[in-house]
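**Student:** Structure file protein-v1.pdb (PDB, C-alpha atoms and all ligand atoms) is given on the next line.
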```pdb
ATOM      1  CA  MET A   1      -4.033 -10.585   3.409  1.00  0.00           C
ATOM      2  CA  GLY A   2      -5.692  -8.020   1.158  1.00  0.00           C
ATOM      3  CA  ILE A   3      -7.375  -8.633  -2.176  1.00  0.00           C
ATOM      4  CA  PHE A   4      -5.625  -8.551  -5.518  1.00  0.00           C
ATOM      5  CA  ILE A   5      -7.742  -7.501  -8.525  1.00  0.00           C
ATOM      6  CA  THR A   6      -6.288  -7.358 -12.040  1.00  0.00           C
ATOM      7  CA  PHE A   7      -7.579  -5.940 -15.320  1.00  0.00           C
ATOM      8  CA  GLU A   8      -6.588  -7.343 -18.694  1.00  0.00           C
ATOM      9  CA  GLY A   9      -7.394  -6.701 -22.338  1.00  0.00           C
ATOM     10  CA  ILE A  10      -6.018  -5.514 -25.653  1.00  0.00           C
ATOM     11  CA  GLU A  11      -5.041  -1.890 -26.243  1.00  0.00           C
ATOM     12  CA  GLY A  12      -8.101   0.344 -26.379  1.00  0.00           C
ATOM     13  CA  SER A  13     -10.258  -2.140 -24.447  1.00  0.00           C
ATOM     14  CA  GLY A  14     -11.053   0.364 -21.707  1.00  0.00           C
ATOM     15  CA  LYS A  15      -9.364  -1.630 -18.916  1.00  0.00           C
ATOM     16  CA  SER A  16      -7.438   1.359 -17.537  1.00  0.00           C
ATOM     17  CA  THR A  17     -10.668   3.379 -17.313  1.00  0.00           C
ATOM     18  CA  GLN A  18     -12.348   0.564 -15.372  1.00  0.00           C
ATOM     19  CA  ALA A  19      -9.346   0.024 -13.078  1.00  0.00           C
ATOM     20  CA  LYS A  20      -9.417   3.744 -12.198  1.00  0.00           C
ATOM     21  CA  LYS A  21     -13.194   3.739 -11.679  1.00  0.00           C
ATOM     22  CA  LEU A  22     -12.901   0.792  -9.316  1.00  0.00           C
ATOM     23  CA  TYR A  23     -10.069   2.401  -7.364  1.00  0.00           C
ATOM     24  CA  ASP A  24     -12.085   5.658  -7.054  1.00  0.00           C
ATOM     25  CA  TYR A  25     -15.055   3.622  -5.828  1.00  0.00           C
ATOM     26  CA  PHE A  26     -12.965   2.024  -3.068  1.00  0.00           C
ATOM     27  CA  ILE A  27     -11.537   5.368  -1.957  1.00  0.00           C
ATOM     28  CA  LYS A  28     -15.008   6.957  -1.936  1.00  0.00           C
ATOM     29  CA  ASN A  29     -16.196   4.147   0.303  1.00  0.00           C
ATOM     30  CA  SER A  30     -13.202   4.520   2.654  1.00  0.00           C
ATOM     31  CA  ILE A  31     -11.743   1.154   1.645  1.00  0.00           C
ATOM     32  CA  LYS A  32      -7.925   0.951   1.735  1.00  0.00           C
ATOM     33  CA  ALA A  33      -6.931   0.554  -1.914  1.00  0.00           C
ATOM     34  CA  HIS A  34      -4.013   1.138  -4.240  1.00  0.00           C
ATOM     35  CA  LEU A  35      -4.082   1.533  -8.039  1.00  0.00           C
ATOM     36  CA  THR A  36      -1.045   0.331  -9.947  1.00  0.00           C
ATOM     37  CA  LYS A  37      -0.019  -0.976 -13.359  1.00  0.00           C
ATOM     38  CA  GLU A  38       2.416  -3.120 -15.303  1.00  0.00           C
ATOM     39  CA  PRO A  39       4.810  -2.309 -16.703  1.00  0.00           C
ATOM     40  CA  GLY A  40       5.758   0.739 -14.660  1.00  0.00           C
ATOM     41  CA  GLY A  41       4.273   0.352 -11.180  1.00  0.00           C
ATOM     42  CA  THR A  42       7.526   1.413  -9.494  1.00  0.00           C
ATOM     43  CA  ARG A  43      10.162   4.073 -10.186  1.00  0.00           C
ATOM     44  CA  ILE A  44      12.539   1.437 -11.526  1.00  0.00           C
ATOM     45  CA  GLY A  45       9.638  -0.027 -13.472  1.00  0.00           C
ATOM     46  CA  GLN A  46       8.928   3.345 -15.084  1.00  0.00           C
ATOM     47  CA  LYS A  47      12.396   3.189 -16.646  1.00  0.00           C
ATOM     48  CA  ILE A  48      11.775  -0.396 -17.818  1.00  0.00           C
ATOM     49  CA  ARG A  49       8.424   0.696 -19.274  1.00  0.00           C
ATOM     50  CA  GLU A  50      10.158   3.441 -21.219  1.00  0.00           C
ATOM     51  CA  ILE A  51      12.599   0.903 -22.680  1.00  0.00           C
ATOM     52  CA  LEU A  52       9.807  -1.533 -23.543  1.00  0.00           C
ATOM     53  CA  LEU A  53       7.459   0.916 -25.213  1.00  0.00           C
ATOM     54  CA  SER A  54       9.934   3.172 -27.073  1.00  0.00           C
ATOM     55  CA  HIS A  55      10.746   2.709 -30.727  1.00  0.00           C
ATOM     56  CA  TRP A  56      14.358   1.582 -31.276  1.00  0.00           C
ATOM     57  CA  ASP A  57      16.519   1.327 -34.388  1.00  0.00           C
ATOM     58  CA  GLU A  58      18.074  -1.857 -32.981  1.00  0.00           C
ATOM     59  CA  LYS A  59      16.686  -5.387 -32.756  1.00  0.00           C
ATOM     60  CA  PHE A  60      14.439  -5.996 -29.738  1.00  0.00           C
ATOM     61  CA  PRO A  61      14.293  -9.808 -29.525  1.00  0.00           C
ATOM     62  CA  PRO A  62      11.115 -11.316 -27.980  1.00  0.00           C
ATOM     63  CA  PHE A  63      13.125 -13.077 -25.270  1.00  0.00           C
ATOM     64  CA  ALA A  64      14.695  -9.791 -24.115  1.00  0.00           C
ATOM     65  CA  GLU A  65      11.217  -8.262 -24.113  1.00  0.00           C
ATOM     66  CA  LEU A  66       9.892 -11.137 -21.991  1.00  0.00           C
ATOM     67  CA  LEU A  67      12.701 -10.775 -19.458  1.00  0.00           C
ATOM     68  CA  LEU A  68      12.139  -7.033 -19.107  1.00  0.00           C
ATOM     69  CA  TYR A  69       8.414  -7.503 -18.430  1.00  0.00           C
ATOM     70  CA  GLU A  70       9.296 -10.148 -15.843  1.00  0.00           C
ATOM     71  CA  ALA A  71      11.978  -7.946 -14.252  1.00  0.00           C
ATOM     72  CA  ASP A  72       9.457  -5.110 -13.964  1.00  0.00           C
ATOM     73  CA  ARG A  73       6.992  -7.536 -12.337  1.00  0.00           C
ATOM     74  CA  ASN A  74       9.482  -8.895  -9.815  1.00  0.00           C
ATOM     75  CA  ILE A  75      10.397  -5.351  -8.721  1.00  0.00           C
ATOM     76  CA  HIS A  76       6.698  -4.443  -8.566  1.00  0.00           C
ATOM     77  CA  ILE A  77       5.787  -7.500  -6.489  1.00  0.00           C
ATOM     78  CA  ASN A  78       8.522  -6.789  -3.955  1.00  0.00           C
ATOM     79  CA  ASN A  79       8.068  -3.022  -3.619  1.00  0.00           C
ATOM     80  CA  VAL A  80       4.338  -2.549  -4.017  1.00  0.00           C
ATOM     81  CA  ILE A  81       2.004  -5.508  -4.432  1.00  0.00           C
ATOM     82  CA  LYS A  82       3.209  -7.881  -1.713  1.00  0.00           C
ATOM     83  CA  PRO A  83       3.764  -5.234   1.011  1.00  0.00           C
ATOM     84  CA  LEU A  84       0.327  -3.682   0.393  1.00  0.00           C
ATOM     85  CA  LEU A  85      -1.487  -7.022   0.359  1.00  0.00           C
ATOM     86  CA  GLN A  86       0.231  -7.803   3.652  1.00  0.00           C
ATOM     87  CA  GLN A  87      -1.232  -4.549   5.005  1.00  0.00           C
ATOM     88  CA  ASN A  88      -4.707  -5.674   3.881  1.00  0.00           C
ATOM     89  CA  TYR A  89      -5.018  -3.271   0.976  1.00  0.00           C
ATOM     90  CA  ILE A  90      -7.127  -3.987  -2.081  1.00  0.00           C
ATOM     91  CA  VAL A  91      -4.586  -3.749  -4.888  1.00  0.00           C
ATOM     92  CA  VAL A  92      -6.017  -2.942  -8.323  1.00  0.00           C
ATOM     93  CA  CYS A  93      -3.521  -3.647 -11.096  1.00  0.00           C
ATOM     94  CA  ASP A  94      -3.843  -2.577 -14.732  1.00  0.00           C
ATOM     95  CA  ARG A  95      -2.294  -5.655 -16.448  1.00  0.00           C
ATOM     96  CA  PHE A  96      -0.430  -8.495 -14.732  1.00  0.00           C
ATOM     97  CA  TYR A  97       1.038 -11.850 -15.748  1.00  0.00           C
ATOM     98  CA  ASP A  98      -1.835 -12.808 -18.052  1.00  0.00           C
ATOM     99  CA  SER A  99      -0.600 -10.013 -20.338  1.00  0.00           C
ATOM    100  CA  THR A 100       2.748 -11.811 -20.575  1.00  0.00           C
ATOM    101  CA  THR A 101       1.031 -15.081 -21.481  1.00  0.00           C
ATOM    102  CA  ALA A 102      -1.149 -13.323 -24.063  1.00  0.00           C
ATOM    103  CA  TYR A 103       1.509 -11.077 -25.643  1.00  0.00           C
ATOM    104  CA  GLN A 104       4.795 -12.970 -25.217  1.00  0.00           C
ATOM    105  CA  HIS A 105       3.429 -16.520 -25.604  1.00  0.00           C
ATOM    106  CA  TYR A 106       0.271 -16.338 -27.716  1.00  0.00           C
ATOM    107  CA  ALA A 107       1.325 -13.409 -29.920  1.00  0.00           C
ATOM    108  CA  ARG A 108       5.154 -13.493 -29.937  1.00  0.00           C
ATOM    109  CA  GLY A 109       5.308 -17.293 -29.843  1.00  0.00           C
ATOM    110  CA  ILE A 110       7.653 -17.852 -26.894  1.00  0.00           C
ATOM    111  CA  ASP A 111       7.307 -21.319 -25.336  1.00  0.00           C
ATOM    112  CA  TYR A 112       4.271 -21.555 -23.023  1.00  0.00           C
ATOM    113  CA  ASN A 113       6.055 -23.474 -20.253  1.00  0.00           C
ATOM    114  CA  LEU A 114       8.915 -20.999 -20.175  1.00  0.00           C
ATOM    115  CA  VAL A 115       6.553 -18.019 -19.909  1.00  0.00           C
ATOM    116  CA  GLU A 116       4.535 -19.723 -17.185  1.00  0.00           C
ATOM    117  CA  LEU A 117       7.672 -20.679 -15.254  1.00  0.00           C
ATOM    118  CA  LEU A 118       8.891 -17.075 -15.305  1.00  0.00           C
ATOM    119  CA  ASN A 119       5.435 -15.725 -14.407  1.00  0.00           C
ATOM    120  CA  LYS A 120       5.289 -18.094 -11.458  1.00  0.00           C
ATOM    121  CA  THR A 121       8.843 -17.466 -10.286  1.00  0.00           C
ATOM    122  CA  VAL A 122       8.866 -13.664 -10.357  1.00  0.00           C
ATOM    123  CA  THR A 123       5.500 -13.321  -8.592  1.00  0.00           C
ATOM    124  CA  GLU A 124       6.724 -15.245  -5.545  1.00  0.00           C
ATOM    125  CA  GLY A 125       3.386 -16.876  -4.764  1.00  0.00           C
ATOM    126  CA  VAL A 126       1.179 -13.820  -5.376  1.00  0.00           C
ATOM    127  CA  LYS A 127      -1.865 -14.581  -7.562  1.00  0.00           C
ATOM    128  CA  PRO A 128      -4.808 -12.386  -8.521  1.00  0.00           C
ATOM    129  CA  ASP A 129      -7.995 -13.171  -6.610  1.00  0.00           C
ATOM    130  CA  ILE A 130     -10.056 -12.009  -9.555  1.00  0.00           C
ATOM    131  CA  THR A 131      -9.227 -10.896 -13.101  1.00  0.00           C
ATOM    132  CA  PHE A 132     -11.524  -8.813 -15.292  1.00  0.00           C
ATOM    133  CA  LEU A 133     -10.947  -9.276 -19.008  1.00  0.00           C
ATOM    134  CA  LEU A 134     -12.393  -6.545 -21.199  1.00  0.00           C
ATOM    135  CA  ASP A 135     -13.066  -8.228 -24.491  1.00  0.00           C
ATOM    136  CA  LEU A 136     -13.937  -6.658 -27.830  1.00  0.00           C
ATOM    137  CA  PRO A 137     -12.895  -7.030 -31.495  1.00  0.00           C
ATOM    138  CA  VAL A 138      -9.454  -5.617 -32.278  1.00  0.00           C
ATOM    139  CA  GLU A 139     -10.841  -3.413 -35.061  1.00  0.00           C
ATOM    140  CA  GLU A 140     -13.222  -1.723 -32.617  1.00  0.00           C
ATOM    141  CA  ALA A 141     -10.536  -1.237 -29.967  1.00  0.00           C
ATOM    142  CA  PHE A 142      -8.128   0.266 -32.485  1.00  0.00           C
ATOM    143  CA  LYS A 143     -10.655   2.899 -33.561  1.00  0.00           C
ATOM    144  CA  ARG A 144     -10.232   4.299 -30.040  1.00  0.00           C
ATOM    145  CA  LEU A 145      -6.452   4.690 -30.301  1.00  0.00           C
ATOM    146  CA  ASN A 146      -6.011   8.105 -31.813  1.00  0.00           C
ATOM    147  CA  ARG A 147      -2.664   8.978 -30.261  1.00  0.00           C
ATOM    148  CA  GLN A 148       0.797   8.108 -31.533  1.00  0.00           C
ATOM    149  CA  LYS A 149       1.301   4.359 -31.254  1.00  0.00           C
ATOM    150  CA  ASP A 150       4.009   2.915 -28.962  1.00  0.00           C
ATOM    151  CA  ARG A 151       6.235  -0.047 -29.915  1.00  0.00           C
ATOM    152  CA  LEU A 152       3.705  -2.730 -29.008  1.00  0.00           C
ATOM    153  CA  GLU A 153       0.688  -0.873 -30.365  1.00  0.00           C
ATOM    154  CA  SER A 154       2.530  -0.540 -33.680  1.00  0.00           C
ATOM    155  CA  GLU A 155       2.335  -4.308 -34.209  1.00  0.00           C
ATOM    156  CA  GLY A 156      -0.256  -5.193 -36.851  1.00  0.00           C
ATOM    157  CA  LEU A 157      -3.869  -6.270 -36.539  1.00  0.00           C
ATOM    158  CA  GLU A 158      -2.904  -9.960 -36.765  1.00  0.00           C
ATOM    159  CA  PHE A 159      -0.624  -9.655 -33.724  1.00  0.00           C
ATOM    160  CA  HIS A 160      -3.364  -8.055 -31.643  1.00  0.00           C
ATOM    161  CA  LYS A 161      -5.896 -10.648 -32.798  1.00  0.00           C
ATOM    162  CA  LYS A 162      -3.561 -13.317 -31.401  1.00  0.00           C
ATOM    163  CA  VAL A 163      -3.379 -11.363 -28.132  1.00  0.00           C
ATOM    164  CA  ARG A 164      -7.178 -11.220 -27.927  1.00  0.00           C
ATOM    165  CA  GLU A 165      -7.548 -14.931 -28.686  1.00  0.00           C
ATOM    166  CA  GLY A 166      -4.798 -15.639 -26.145  1.00  0.00           C
ATOM    167  CA  PHE A 167      -6.629 -13.779 -23.387  1.00  0.00           C
ATOM    168  CA  LEU A 168      -9.824 -15.683 -24.185  1.00  0.00           C
ATOM    169  CA  LYS A 169      -7.960 -19.000 -24.003  1.00  0.00           C
ATOM    170  CA  ILE A 170      -6.460 -18.111 -20.608  1.00  0.00           C
ATOM    171  CA  ALA A 171      -9.916 -17.051 -19.359  1.00  0.00           C
ATOM    172  CA  GLU A 172     -11.347 -20.354 -20.563  1.00  0.00           C
ATOM    173  CA  LYS A 173      -8.613 -22.267 -18.698  1.00  0.00           C
ATOM    174  CA  GLU A 174      -9.096 -20.315 -15.486  1.00  0.00           C
ATOM    175  CA  ARG A 175     -12.835 -19.851 -15.262  1.00  0.00           C
ATOM    176  CA  GLU A 176     -12.792 -19.513 -11.484  1.00  0.00           C
ATOM    177  CA  ARG A 177     -10.542 -16.444 -11.546  1.00  0.00           C
ATOM    178  CA  PHE A 178     -11.644 -14.741 -14.768  1.00  0.00           C
ATOM    179  CA  VAL A 179     -14.649 -12.574 -15.500  1.00  0.00           C
ATOM    180  CA  VAL A 180     -14.997 -11.726 -19.191  1.00  0.00           C
ATOM    181  CA  LEU A 181     -16.771  -8.415 -19.793  1.00  0.00           C
ATOM    182  CA  ASP A 182     -18.234  -7.011 -22.988  1.00  0.00           C
ATOM    183  CA  GLY A 183     -15.855  -4.177 -23.896  1.00  0.00           C
ATOM    184  CA  LEU A 184     -18.361  -2.798 -26.406  1.00  0.00           C
ATOM    185  CA  LYS A 185     -20.769  -1.717 -23.663  1.00  0.00           C
ATOM    186  CA  ASN A 186     -20.487   1.840 -22.406  1.00  0.00           C
ATOM    187  CA  PRO A 187     -18.076   2.423 -19.477  1.00  0.00           C
ATOM    188  CA  ASP A 188     -20.811   2.985 -16.870  1.00  0.00           C
ATOM    189  CA  GLU A 189     -22.591  -0.235 -17.807  1.00  0.00           C
ATOM    190  CA  ILE A 190     -19.324  -2.178 -17.640  1.00  0.00           C
ATOM    191  CA  PHE A 191     -18.597  -0.691 -14.241  1.00  0.00           C
ATOM    192  CA  GLU A 192     -22.029  -1.766 -12.976  1.00  0.00           C
ATOM    193  CA  ASP A 193     -21.214  -5.308 -14.119  1.00  0.00           C
ATOM    194  CA  ILE A 194     -17.908  -5.179 -12.213  1.00  0.00           C
ATOM    195  CA  ILE A 195     -19.560  -4.052  -8.977  1.00  0.00           C
ATOM    196  CA  ALA A 196     -22.253  -6.717  -9.370  1.00  0.00           C
ATOM    197  CA  VAL A 197     -19.607  -9.451  -9.775  1.00  0.00           C
ATOM    198  CA  LEU A 198     -17.612  -8.221  -6.766  1.00  0.00           C
ATOM    199  CA  LYS A 199     -20.776  -8.257  -4.633  1.00  0.00           C
ATOM    200  CA  GLU A 200     -21.762 -11.697  -5.888  1.00  0.00           C
ATOM    201  CA  LYS A 201     -18.287 -13.032  -5.059  1.00  0.00           C
ATOM    202  CA  LYS A 202     -18.518 -11.376  -1.620  1.00  0.00           C
ATOM    203  CA  ILE A 203     -15.432  -9.270  -2.300  1.00  0.00           C
ATOM    204  CA  LEU A 204     -17.551  -6.169  -1.598  1.00  0.00           C
TER     205      LEU A 204
HETATM  206  P1  LIG B   1      -0.381  -0.287 -21.548  1.00  0.00           P
HETATM  207  O1  LIG B   1      -0.222  -0.548 -20.116  1.00  0.00           O
HETATM  208  O2  LIG B   1      -0.443   1.148 -21.877  1.00  0.00           O
HETATM  209  O3  LIG B   1      -1.457  -1.078 -22.198  1.00  0.00           O
HETATM  210  O4  LIG B   1       0.994  -0.709 -22.264  1.00  0.00           O
HETATM  211  C1  LIG B   1       1.677  -1.810 -21.944  1.00  0.00           C
HETATM  212  C2  LIG B   1       2.058  -2.546 -23.211  1.00  0.00           C
HETATM  213  O5  LIG B   1       2.889  -3.638 -22.855  1.00  0.00           O
HETATM  214  C3  LIG B   1       0.871  -3.141 -23.946  1.00  0.00           C
HETATM  215  O6  LIG B   1       1.130  -3.083 -25.327  1.00  0.00           O
HETATM  216  C4  LIG B   1       0.879  -4.578 -23.524  1.00  0.00           C
HETATM  217  C5  LIG B   1       2.317  -4.864 -23.303  1.00  0.00           C
HETATM  218  N1  LIG B   1       2.620  -5.893 -22.288  1.00  0.00           N
HETATM  219  C6  LIG B   1       3.229  -7.077 -22.697  1.00  0.00           C
HETATM  220  O7  LIG B   1       3.495  -7.264 -23.878  1.00  0.00           O
HETATM  221  N2  LIG B   1       3.551  -7.993 -21.732  1.00  0.00           N
HETATM  222  C7  LIG B   1       3.303  -7.797 -20.404  1.00  0.00           C
HETATM  223  O8  LIG B   1       3.611  -8.655 -19.585  1.00  0.00           O
HETATM  224  C8  LIG B   1       2.655  -6.561 -20.005  1.00  0.00           C
HETATM  225  C9  LIG B   1       2.391  -6.305 -18.559  1.00  0.00           C
HETATM  226  C10 LIG B   1       2.343  -5.646 -20.978  1.00  0.00           C
END
```
Would you kindly transcribe this structure into structure tokens?

**Tutor:**
Amino acid sequence: MGIFITFEGIEGSGKSTQAKKLYDYFIKNSIKAHLTKEPGGTRIGQKIREILLSHWDEKFPPFAELLLYEADRNIHINNVIKPLLQQNYIVVCDRFYDSTTAYQHYARGIDYNLVELLNKTVTEGVKPDITFLLDLPVEEAFKRLNRQKDRLESEGLEFHKKVREGFLKIAEKERERFVVLDGLKNPDEIFEDIIAVLKEKKIL
């Protein structure tokens, strides 16, 4: 089996930058790796992503949102993540099921046990080996978002503060898997921290 590395954080935390840097590092060192993301890590998932992040003039109930994220994940697990892990790839994923716990449970308020049951069911036994959480205050992260905001980004500061707190609670619960990084540091410093952790954990 390969190694499954996930990146989590609020919008503007720099997680996508770090996921890409890590993937580039693996490729440069001739390590078999694949960079992917949720939602939208498959062609079907791209369509689901479009639905999830577009602005609609109809109601988008939280439960429907939850099910779409989980549908995207189940398709992703079956087409990309599981097959590549079976071929001993290192799979680097920008967001995974901790995002569902943070956004749909901690911020939207959907029942914790229901979210966890769906997370567990759709992932069919696949769990991240290590999860990097890029943490920083919401106000600082939002200063970095200078493009047009998508449906989730358009939620207020309070919503995103709940997401941040949610991520920190999950990290606290799963100390073995999580590495919390200071998202206020510059990207090169953060990347050095990531490499140091991977070496310490003998993943590199
Ligand atoms: P991003 O990948 O560009 O950050 O956009 C994905 C958005 O979807 C982001 O606002 C976080 C949100 N999201 C959830 O609400 N639940 C999930 O399970 C995932 C994967 C993402």

**Student:** Mind listing as an mmCIF file with C-alpha atoms, in the frame of the given file all residues within 12 Å of (-19.9, -0.1, -10.7), counting all atoms listed in the file?

**Tutor:**
```cif
data_model
loop_
_atom_site.group_PDB
_atom_site.id
_atom_site.type_symbol
_atom_site.label_atom_id
_atom_site.label_comp_id
_atom_site.auth_asym_id
_atom_site.auth_seq_id
_atom_site.Cartn_x
_atom_site.Cartn_y
_atom_site.Cartn_z
ATOM 1 C CA THR A 17 -10.668 3.379 -17.313
ATOM 2 C CA GLN A 18 -12.348 0.564 -15.372
ATOM 3 C CA ALA A 19 -9.346 0.024 -13.078
ATOM 4 C CA LYS A 20 -9.417 3.744 -12.198
ATOM 5 C CA LYS A 21 -13.194 3.739 -11.679
ATOM 6 C CA LEU A 22 -12.901 0.792 -9.316
ATOM 7 C CA TYR A 23 -10.069 2.401 -7.364
ATOM 8 C CA ASP A 24 -12.085 5.658 -7.054
ATOM 9 C CA TYR A 25 -15.055 3.622 -5.828
ATOM 10 C CA PHE A 26 -12.965 2.024 -3.068
ATOM 11 C CA ASN A 186 -20.487 1.840 -22.406
ATOM 12 C CA PRO A 187 -18.076 2.423 -19.477
ATOM 13 C CA ASP A 188 -20.811 2.985 -16.870
ATOM 14 C CA GLU A 189 -22.591 -0.235 -17.807
ATOM 15 C CA ILE A 190 -19.324 -2.178 -17.640
ATOM 16 C CA PHE A 191 -18.597 -0.691 -14.241
ATOM 17 C CA GLU A 192 -22.029 -1.766 -12.976
ATOM 18 C CA ASP A 193 -21.214 -5.308 -14.119
ATOM 19 C CA ILE A 194 -17.908 -5.179 -12.213
ATOM 20 C CA ILE A 195 -19.560 -4.052 -8.977
ATOM 21 C CA ALA A 196 -22.253 -6.717 -9.370
ATOM 22 C CA VAL A 197 -19.607 -9.451 -9.775
ATOM 23 C CA LEU A 198 -17.612 -8.221 -6.766
ATOM 24 C CA LYS A 199 -20.776 -8.257 -4.633
ATOM 25 C CA LEU A 204 -17.551 -6.169 -1.598
#
```

**Student:** Determine the nearest neighbour of Arg175 of chain A from the options A:Asn119, A:Ser154, A:Ser99, A:Thr131, counting all atoms listed in the file.

**Tutor:**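 Checking each of A:Asn119, A:Ser154, A:Ser99, A:Thr131 against Arg175 of chain A, counting all atoms listed in the file, the winner is A:Thr131.
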
**Student:** So, with all atoms listed in the file as the atoms that count, which of A:Tyr112, A:Tyr103, A:Phe178, A:Phe159 lies closest to ligand LIG 1 (chain B)?

**Tutor:** A:Tyr103

**Student:** Kindly compile the residues surrounding ligand LIG 1 (chain B) within 9 Å, counting all atoms listed in the file, and format them as a PyMOL selection string.

**Tutor:** chain A and resi 8-12+15-16+37-40+49+52-53+65-66+68-70+72-73+94-104+107-108+119+150-154

**Student:** Put those residues in a file: C-alpha atoms, as a CSV table (one decimal), in the coordinates of the input.

**Tutor:**
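File produced: selection.csv:
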```
chain,number,residue,atom,x,y,z
A,8,GLU,CA,-6.6,-7.3,-18.7
A,9,GLY,CA,-7.4,-6.7,-22.3
A,10,ILE,CA,-6.0,-5.5,-25.7
A,11,GLU,CA,-5.0,-1.9,-26.2
A,12,GLY,CA,-8.1,0.3,-26.4
A,15,LYS,CA,-9.4,-1.6,-18.9
A,16,SER,CA,-7.4,1.4,-17.5
A,37,LYS,CA,0.0,-1.0,-13.4
A,38,GLU,CA,2.4,-3.1,-15.3
A,39,PRO,CA,4.8,-2.3,-16.7
A,40,GLY,CA,5.8,0.7,-14.7
A,49,ARG,CA,8.4,0.7,-19.3
A,52,LEU,CA,9.8,-1.5,-23.5
A,53,LEU,CA,7.5,0.9,-25.2
A,65,GLU,CA,11.2,-8.3,-24.1
A,66,LEU,CA,9.9,-11.1,-22.0
A,68,LEU,CA,12.1,-7.0,-19.1
A,69,TYR,CA,8.4,-7.5,-18.4
A,70,GLU,CA,9.3,-10.1,-15.8
A,72,ASP,CA,9.5,-5.1,-14.0
A,73,ARG,CA,7.0,-7.5,-12.3
A,94,ASP,CA,-3.8,-2.6,-14.7
A,95,ARG,CA,-2.3,-5.7,-16.4
A,96,PHE,CA,-0.4,-8.5,-14.7
A,97,TYR,CA,1.0,-11.8,-15.7
A,98,ASP,CA,-1.8,-12.8,-18.1
A,99,SER,CA,-0.6,-10.0,-20.3
A,100,THR,CA,2.7,-11.8,-20.6
A,101,THR,CA,1.0,-15.1,-21.5
A,102,ALA,CA,-1.1,-13.3,-24.1
A,103,TYR,CA,1.5,-11.1,-25.6
A,104,GLN,CA,4.8,-13.0,-25.2
A,107,ALA,CA,1.3,-13.4,-29.9
A,108,ARG,CA,5.2,-13.5,-29.9
A,119,ASN,CA,5.4,-15.7,-14.4
A,150,ASP,CA,4.0,2.9,-29.0
A,151,ARG,CA,6.2,0.0,-29.9
A,152,LEU,CA,3.7,-2.7,-29.0
A,153,GLU,CA,0.7,-0.9,-30.4
A,154,SER,CA,2.5,-0.5,-33.7
```

**Student:** Please compute the atom CA of Ile77 of chain A-atom CA of Asn113 of chain A distance, one decimal, in Å.

**Tutor:**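 Computing it gives 21.1 Å between the two atoms.
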
**Student:** Rounded to one decimal, what separation in Å do you get between atom CA of Asn78 of chain A and atom CA of Arg43 of chain A?

**Tutor:**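 Going from atom CA of Asn78 of chain A over to atom CA of Arg43 of chain A covers 12.6 Å.
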
**Student:** So what does the PyMOL selection byres (((chain A and resi 4-6) around 8) and not hetatm) actually pick up in this one, as a list of chain:residue names?

**Tutor:**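 What the PyMOL selection byres (((chain A and resi 4-6) around 8) and not hetatm) grabs from the file is A:Gly2, A:Ile3, A:Phe7, A:Glu8, A:Leu85, A:Ile90, A:Val91, A:Val92, A:Cys93, A:Asp94, A:Arg95, A:Phe96, A:Lys127, A:Pro128, A:Asp129, A:Ile130, A:Thr131, A:Phe132.
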
**Student:** I'd like to see the residues matched by the PyMOL selection byres (((chain A and resi 181) around 7) and not hetatm) on this file, and ideally I'd get them as a list in words.

**Tutor:**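 Those residues are Phe132, Leu133, Leu134, Asp135, Val179, Val180, Asp182 and Gly183 of chain A.
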
**Student:** Which residue, A:Lys169, A:His76, A:Lys32, A:Lys201, has the smallest gap to Ile48 of chain A when you use only C-alpha atoms?

**Tutor:**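 Under the stated criterion, the closest residue is A:His76.
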
**Student:** Using only C-alpha atoms, pick whichever of A:His34, A:His160, A:Arg144, A:His55 has the shortest atom-to-atom distance to Ser13 of chain A.

**Tutor:** A:Arg144

**Student:** Which value, in Å to one decimal, gives the distance between atom CA of Glu139 of chain A and atom CA of Glu158 of chain A?

**Tutor:**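 A separation of 10.4 Å between them.
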